[in-house]
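**Q** Once you've had a glance at the structure underneath, I'll fire off some questions.
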Amino acid sequence: MEQLKITSATPNSALLDLPWRLPLIDWPADVLAALPRGISRHVVRFVRLDGRVLAIKEISQDVAFREYGMLRQLRKLEIPSVRPVGVVTGRTSDSGEPLEAALVTEHLAFSLPYRSVFSQWLRDETANRLIDALAVLIVRLHLAGFFWGDVSLSNTLFRRDAEQFAAYLVDAETGALHRELTRGQREHDLEIARVNIIGELMDLAAGELLDSEIDEVAFGNSLVDRYRDLWEALTGVEAFAADERWRVAARIERLNALGFDVGELDITTDIDGTTVRIQPQVVDAGHHSRRLLKLTGLDVQDNQARRLLNDLDSYQAATDRQEDDPQLVAHDWLQNVFHPTVRAVPRELRRKLEPAQLYHEILDHRWFISEQSGHDVPMPETVASYVKNVLRYRPDEKAILGMEPGDAPEGPEADYFHYAAAEPGDRD
């Protein structure tokens, strides 16, 4: 009889305590974690183990090892994806029947499958942000030479990233890494994405889980348009006159604004020296998060980092410390502003959001109630108002937009509730 075997780069003996002799679908409720699940062609369950939540998927042994290896490679490339924990093989039932292997990954904290986000609270603007997040993920994968082969909302998890979302790859079963993707490979991935997304949204519409105003086909097509716009911005060739060298710096600033660092530029000049052409050769995502990490040690999403950096800049100006060492200013901001604000939130409510997201929403709330009152509201008063009128309505592991109709605040509190879900440009 084959013995149970766990293959893992980070062994954890507690994995042996799980009921591997049972098919995953029959695992008892006392070992499972009640988290929202997306649609999967395989049986997937969540378990709590040593303070972590793990996702376990039953698949064939060959596919399990292939996906485990692929996820490890994507993590090394710093692609947003779930962290692989290991592969469990040699499973047999109590009657001696062989069971499928299991791929174990770490659940992405504060993330949601699309079916939990697409609810009757979903607005067009929020759906747009989800599509934008998926477009960014696909571009990052393609820049790294990864062909997904099964792009879909079901194979993606979403985390709040300030007023935007960040998308993470969950399923790499059909993926393949190449040195570089051809245009045909990229277009094939895009067509798969377009068709799958339209189908998934139509499925939600059939279940009355999608706002009737949302056009499923238009959203599927919009992903392709947004991907192509971003791809052109990151990789397109730009030509300009030789006396317009400032446009090189302008191109880099535009890419930085999109959240990408430029490691290398290909700059060529015509023989007569009248025209210069530039094209980014190495483009890495995470410009703002890397800068914030260097200054403060905070490791957060890129849009969250952008918001925190803006607040840090405001603190530097308000304290008249523009000439001081940036890292010293950042240390003081961290100790005197960021940490005290987060700690002012009652401990039992802090776990509902990541600290950076919590701080971002408090800043948003301060802007909102200051505008309503006609004067700057102090931070302690802002935190108290945010906790009372917003945070206490948030259930754990669930975004505002995933609430059931009856769970949302009413009256004055509802104004901020809907404000928080709006695009920045829609906030009046």
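Naming works like this for the structure tokens: A, B, ... for the chains as they're shown, residue 1 at the start of each chain, ligands 1 onward in shown order.
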Which residues in segment 89-262 of chain A does DSSP call alpha helix (DSSP H)? List them as a PyMOL selection string.
**A** chain A and resi 114-117+124-143+183-206+216-235+246-257
**Q** Please, which residues of segment 134-219 of chain A, numbered as in this document, come out strand (DSSP E) from DSSP, as a tab-separated table (two decimals) with all heavy atoms, in the first residue's frame?
**A**
```tsv
chain	number	residue	atom	x	y	z
A	146	PHE	N	4.32	34.57	-19.13
A	146	PHE	CA	3.40	33.53	-18.67
A	146	PHE	C	2.14	33.53	-19.52
A	146	PHE	O	1.44	34.54	-19.62
A	146	PHE	CB	3.03	33.75	-17.21
A	146	PHE	CG	2.11	32.70	-16.64
A	146	PHE	CD1	2.60	31.47	-16.25
A	146	PHE	CD2	0.76	32.96	-16.49
A	146	PHE	CE1	1.76	30.50	-15.71
A	146	PHE	CE2	-0.09	31.99	-15.96
A	146	PHE	CZ	0.41	30.77	-15.57
A	147	PHE	N	1.84	32.38	-20.12
A	147	PHE	CA	0.59	32.17	-20.84
A	147	PHE	C	-0.36	31.46	-19.90
A	147	PHE	O	-0.10	30.34	-19.46
A	147	PHE	CB	0.83	31.33	-22.10
A	147	PHE	CG	-0.43	30.96	-22.83
A	147	PHE	CD1	-1.06	31.88	-23.64
A	147	PHE	CD2	-0.97	29.68	-22.70
A	147	PHE	CE1	-2.24	31.55	-24.32
A	147	PHE	CE2	-2.14	29.34	-23.38
A	147	PHE	CZ	-2.77	30.27	-24.18
A	156	THR	N	-9.39	33.94	-10.31
A	156	THR	CA	-8.79	35.17	-9.79
A	156	THR	C	-9.38	35.49	-8.43
A	156	THR	O	-10.57	35.27	-8.19
A	156	THR	CB	-9.06	36.34	-10.75
A	156	THR	OG1	-8.70	35.97	-12.08
A	156	THR	CG2	-8.26	37.58	-10.35
A	157	LEU	N	-8.55	36.01	-7.53
A	157	LEU	CA	-9.04	36.56	-6.27
A	157	LEU	C	-8.77	38.06	-6.27
A	157	LEU	O	-7.80	38.52	-6.86
A	157	LEU	CB	-8.33	35.91	-5.08
A	157	LEU	CG	-8.77	34.49	-4.70
A	157	LEU	CD1	-7.88	33.95	-3.59
A	157	LEU	CD2	-10.23	34.46	-4.27
A	158	PHE	N	-9.63	38.80	-5.58
A	158	PHE	CA	-9.52	40.25	-5.54
A	158	PHE	C	-9.33	40.72	-4.10
A	158	PHE	O	-10.00	40.25	-3.19
A	158	PHE	CB	-10.76	40.91	-6.14
A	158	PHE	CG	-10.96	40.61	-7.60
A	158	PHE	CD1	-11.75	39.55	-8.01
A	158	PHE	CD2	-10.32	41.37	-8.57
A	158	PHE	CE1	-11.92	39.26	-9.35
A	158	PHE	CE2	-10.48	41.09	-9.92
A	158	PHE	CZ	-11.29	40.03	-10.31
A	159	ARG	N	-8.37	41.66	-3.94
A	159	ARG	CA	-8.16	42.31	-2.64
A	159	ARG	C	-8.33	43.80	-2.82
A	159	ARG	O	-7.96	44.36	-3.86
A	159	ARG	CB	-6.75	42.03	-2.10
A	159	ARG	CG	-6.52	40.61	-1.71
A	159	ARG	CD	-5.06	40.38	-1.34
A	159	ARG	NE	-4.73	40.91	-0.03
A	159	ARG	CZ	-3.54	40.75	0.53
A	159	ARG	NH1	-2.59	40.09	-0.08
A	159	ARG	NH2	-3.30	41.23	1.73
A	160	ARG	N	-8.90	44.45	-1.80
A	160	ARG	CA	-9.02	45.90	-1.88
A	160	ARG	C	-7.63	46.53	-1.86
A	160	ARG	O	-6.76	46.12	-1.09
A	160	ARG	CB	-9.85	46.42	-0.71
A	160	ARG	CG	-11.34	46.22	-0.91
A	160	ARG	CD	-12.06	46.45	0.38
A	160	ARG	NE	-11.65	45.47	1.38
A	160	ARG	CZ	-12.50	44.86	2.21
A	160	ARG	NH1	-13.77	45.13	2.14
A	160	ARG	NH2	-12.07	44.00	3.11
A	161	ASP	N	-7.44	47.51	-2.72
A	161	ASP	CA	-6.16	48.22	-2.80
A	161	ASP	C	-6.48	49.71	-2.87
A	161	ASP	O	-6.61	50.27	-3.95
A	161	ASP	CB	-5.39	47.75	-4.05
A	161	ASP	CG	-4.04	48.43	-4.19
A	161	ASP	OD1	-3.61	49.11	-3.23
A	161	ASP	OD2	-3.41	48.29	-5.25
A	164	GLN	N	-9.06	51.09	-5.33
A	164	GLN	CA	-9.05	50.15	-6.43
A	164	GLN	C	-9.08	48.72	-5.89
A	164	GLN	O	-9.27	48.48	-4.70
A	164	GLN	CB	-7.80	50.37	-7.29
A	164	GLN	CG	-7.63	51.78	-7.81
A	164	GLN	CD	-8.71	52.18	-8.79
A	164	GLN	OE1	-9.21	51.35	-9.55
A	164	GLN	NE2	-9.08	53.45	-8.79
A	165	PHE	N	-8.88	47.76	-6.80
A	165	PHE	CA	-8.71	46.36	-6.42
A	165	PHE	C	-7.39	45.86	-6.98
A	165	PHE	O	-6.88	46.38	-7.97
A	165	PHE	CB	-9.84	45.49	-6.98
A	165	PHE	CG	-11.15	45.62	-6.26
A	165	PHE	CD1	-12.12	46.50	-6.71
A	165	PHE	CD2	-11.41	44.87	-5.12
A	165	PHE	CE1	-13.33	46.63	-6.05
A	165	PHE	CE2	-12.62	45.00	-4.45
A	165	PHE	CZ	-13.58	45.87	-4.92
A	166	ALA	N	-6.84	44.85	-6.33
A	166	ALA	CA	-5.67	44.14	-6.86
A	166	ALA	C	-6.11	42.71	-7.15
A	166	ALA	O	-6.84	42.11	-6.36
A	166	ALA	CB	-4.52	44.15	-5.86
A	167	ALA	N	-5.68	42.18	-8.30
A	167	ALA	CA	-6.08	40.83	-8.71
A	167	ALA	C	-4.92	39.87	-8.52
A	167	ALA	O	-3.76	40.21	-8.77
A	167	ALA	CB	-6.54	40.84	-10.16
A	168	TYR	N	-5.24	38.65	-8.08
A	168	TYR	CA	-4.25	37.60	-7.85
A	168	TYR	C	-4.63	36.34	-8.60
A	168	TYR	O	-5.80	35.93	-8.58
A	168	TYR	CB	-4.14	37.27	-6.35
A	168	TYR	CG	-3.42	38.30	-5.53
A	168	TYR	CD1	-4.00	39.53	-5.26
A	168	TYR	CD2	-2.15	38.04	-5.02
A	168	TYR	CE1	-3.34	40.48	-4.49
A	168	TYR	CE2	-1.48	38.99	-4.25
A	168	TYR	CZ	-2.08	40.20	-4.00
A	168	TYR	OH	-1.42	41.15	-3.24
A	169	LEU	N	-3.65	35.71	-9.22
A	169	LEU	CA	-3.88	34.44	-9.89
A	169	LEU	C	-4.04	33.34	-8.85
A	169	LEU	O	-3.26	33.23	-7.91
A	169	LEU	CB	-2.70	34.13	-10.82
A	169	LEU	CG	-2.73	32.80	-11.57
A	169	LEU	CD1	-2.13	32.96	-12.96
A	169	LEU	CD2	-1.98	31.71	-10.81
A	176	ALA	N	1.73	28.23	-18.69
A	176	ALA	CA	3.06	27.85	-19.17
A	176	ALA	C	3.94	29.08	-19.24
A	176	ALA	O	3.50	30.15	-19.66
A	176	ALA	CB	2.97	27.19	-20.55
A	177	LEU	N	5.19	28.93	-18.79
A	177	LEU	CA	6.15	30.04	-18.84
A	177	LEU	C	7.03	29.94	-20.07
A	177	LEU	O	7.54	28.87	-20.41
A	177	LEU	CB	7.04	30.02	-17.59
A	177	LEU	CG	6.56	30.82	-16.37
A	177	LEU	CD1	7.45	30.55	-15.17
A	177	LEU	CD2	6.51	32.32	-16.67
```
**Q** So what do you get for atom CA of Ala64 of chain A versus atom CA of Val88 of chain A, distance-wise?
**A**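 So the two atoms, atom CA of Ala64 of chain A and atom CA of Val88 of chain A, lie 8.7 Å apart.
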**Q** Find the residue from A:Gly145, A:Phe260, A:Glu163, A:Phe338 that sits nearest to Leu230 of chain A; use only C-alpha atoms when measuring.
**A**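 Once distances to Leu230 of chain A are computed over only C-alpha atoms, the minimum belongs to A:Phe260.
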**Q** Using only C-alpha atoms, which residues of segment 154-209 of chain A come within 12 Å of segment 39-52 of chain A, and what is the closest atom pair for each, with the distance in Å to one decimal? Give it as a tab-separated table, sorted by chain and residue number.
**A**
```
residue	atom	partner	partner_atom	distance
A:Ser154	CA	A:Ile39	CA	5.8
A:Asn155	CA	A:Ser40	CA	8.0
A:Thr156	CA	A:Ile39	CA	10.4
A:Leu157	CA	A:Ile39	CA	11.5
A:Val170	CA	A:Ser40	CA	10.6
A:Asp171	CA	A:Ser40	CA	9.3
A:Glu173	CA	A:Arg41	CA	11.2
A:Glu200	CA	A:Ile39	CA	9.7
A:Asp203	CA	A:Ile39	CA	11.2
A:Leu204	CA	A:Ile39	CA	11.7
```
**Q** Just want the 9 Å neighbourhood of segment 91-94 of chain A, counted on only C-alpha atoms, with same-chain residues fewer than 6 positions away dropped. Output as a PDB file with C-alpha atoms, in the first residue's frame.
**A**
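Below you can see out13.pdb, which holds the result:
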```pdb
ATOM      1  CA  MET A   1       0.000   0.000   0.000  1.00  0.00           C
ATOM      2  CA  GLU A   2       1.328   3.439  -0.952  1.00  0.00           C
ATOM      3  CA  GLN A   3       2.155   5.625   2.029  1.00  0.00           C
ATOM      4  CA  LEU A   4       0.952   9.181   2.503  1.00  0.00           C
ATOM      5  CA  LYS A   5       3.592  11.652   1.327  1.00  0.00           C
ATOM      6  CA  TRP A  20      -6.504  12.636   4.211  1.00  0.00           C
ATOM      7  CA  ARG A  21      -8.222   9.222   4.183  1.00  0.00           C
ATOM      8  CA  LEU A  22     -11.528  10.899   3.354  1.00  0.00           C
ATOM      9  CA  PRO A  23     -12.431  12.324  -0.052  1.00  0.00           C
ATOM     10  CA  GLU A 100      -6.621  11.809  -5.818  1.00  0.00           C
ATOM     11  CA  ALA A 101      -3.651  13.911  -4.838  1.00  0.00           C
ATOM     12  CA  ALA A 102      -4.189  17.300  -3.182  1.00  0.00           C
TER      13      ALA A 102
END
```
**Q** May I have the residues within 12 Å of Trp231 of chain A as a PDB file with C-alpha atoms, in the first residue's frame, using only C-alpha atoms and disregarding those fewer than 6 positions away in the same chain?
**A**
```
ATOM      1  CA  ALA A 135      -6.218  43.663 -16.983  1.00  0.00           C
ATOM      2  CA  VAL A 136      -3.198  44.725 -14.914  1.00  0.00           C
ATOM      3  CA  LEU A 137      -2.684  41.145 -13.721  1.00  0.00           C
ATOM      4  CA  ILE A 138      -2.792  39.753 -17.263  1.00  0.00           C
ATOM      5  CA  VAL A 139      -0.328  42.387 -18.483  1.00  0.00           C
ATOM      6  CA  ARG A 140       2.071  41.543 -15.643  1.00  0.00           C
ATOM      7  CA  LEU A 141       1.800  37.844 -16.458  1.00  0.00           C
ATOM      8  CA  HIS A 142       2.418  38.448 -20.150  1.00  0.00           C
ATOM      9  CA  LEU A 143       5.399  40.709 -19.458  1.00  0.00           C
ATOM     10  CA  ARG A 183       1.413  38.506 -30.057  1.00  0.00           C
ATOM     11  CA  ARG A 186      -1.268  37.144 -25.915  1.00  0.00           C
ATOM     12  CA  GLU A 187      -4.298  37.623 -28.152  1.00  0.00           C
ATOM     13  CA  VAL A 224      -9.507  43.627 -23.975  1.00  0.00           C
ATOM     14  CA  ASP A 225      -9.507  47.395 -24.555  1.00  0.00           C
ATOM     15  CA  VAL A 237       7.676  52.804 -29.087  1.00  0.00           C
ATOM     16  CA  LEU A 255       4.967  54.706 -16.242  1.00  0.00           C
ATOM     17  CA  LEU A 258       0.793  53.692 -13.558  1.00  0.00           C
ATOM     18  CA  PHE A 260       5.593  50.601 -12.800  1.00  0.00           C
ATOM     19  CA  PRO A 280      10.891  50.412 -22.265  1.00  0.00           C
ATOM     20  CA  VAL A 283       9.226  47.252 -16.662  1.00  0.00           C
TER      21      VAL A 283
END
```
**Q** Neighbours of Gly259 of chain A within 6 Å (only C-alpha atoms; same-chain residues fewer than 5 positions away dropped), as a VMD selection string?
**A** chain A and resid 285 to 287
**Q** Tell me, in Å to one decimal, how far atom CA of Leu201 of chain A is from atom CA of Lys57 of chain A.
**A**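 Distance between the two atoms: 24.3 Å.
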**Q** Residues near Ile267 of chain A, anyone? I mean within 7 Å using only C-alpha atoms, not counting same-chain ones fewer than 3 positions away, as a PyMOL selection string.
**A** chain A and resi 276-279
**Q** Export N, CA and C atoms of the chosen residues as a PDB file, in the first residue's frame?
**A**
```pdb
ATOM      1  N   VAL A 276      14.499  60.767 -32.189  1.00  0.00           N
ATOM      2  CA  VAL A 276      14.859  59.823 -31.126  1.00  0.00           C
ATOM      3  C   VAL A 276      13.681  58.887 -30.887  1.00  0.00           C
ATOM      4  N   ARG A 277      13.986  57.608 -30.727  1.00  0.00           N
ATOM      5  CA  ARG A 277      12.951  56.618 -30.435  1.00  0.00           C
ATOM      6  C   ARG A 277      13.274  55.952 -29.097  1.00  0.00           C
ATOM      7  N   ILE A 278      12.247  55.817 -28.245  1.00  0.00           N
ATOM      8  CA  ILE A 278      12.459  55.139 -26.974  1.00  0.00           C
ATOM      9  C   ILE A 278      11.423  54.036 -26.791  1.00  0.00           C
ATOM     10  N   GLN A 279      11.849  52.975 -26.126  1.00  0.00           N
ATOM     11  CA  GLN A 279      10.949  51.870 -25.794  1.00  0.00           C
ATOM     12  C   GLN A 279      11.413  51.230 -24.494  1.00  0.00           C
TER      13      GLN A 279
END
```
**Q** Between A:Ala162, A:Ala257, A:Ala109, A:Met202, which residue has the minimum interatomic distance to Lys352 of chain A, considering only C-alpha atoms?
**A**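 Looking at the shortest contact to Lys352 of chain A, the residue is A:Ala109.
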**Q** When you count only C-alpha atoms, which of these residues is closest to Leu265 of chain A: A:Ser289, A:Gln73, A:Thr235, A:Asn336?
**A** A:Thr235
**Q** Set the distance at 12 Å and use only C-alpha atoms: which residues neighbour Glu354 of chain A once local chain neighbours fewer than 5 positions away are removed? I'd like the list as a ChimeraX atom specification.
**A** /A:109-111,159-162,298-301,304,342,349,359-361,396-397,399
**Q** What does the distance from atom CA of Ile131 of chain A to atom CA of Leu223 of chain A come to in Å, to one decimal?
**A** 5.8 Å
**Q** Determine the nearest neighbour of Trp333 of chain A from the options A:Glu97, A:Pro355, A:Thr274, A:Leu309, counting only C-alpha atoms.
**A** A:Leu309
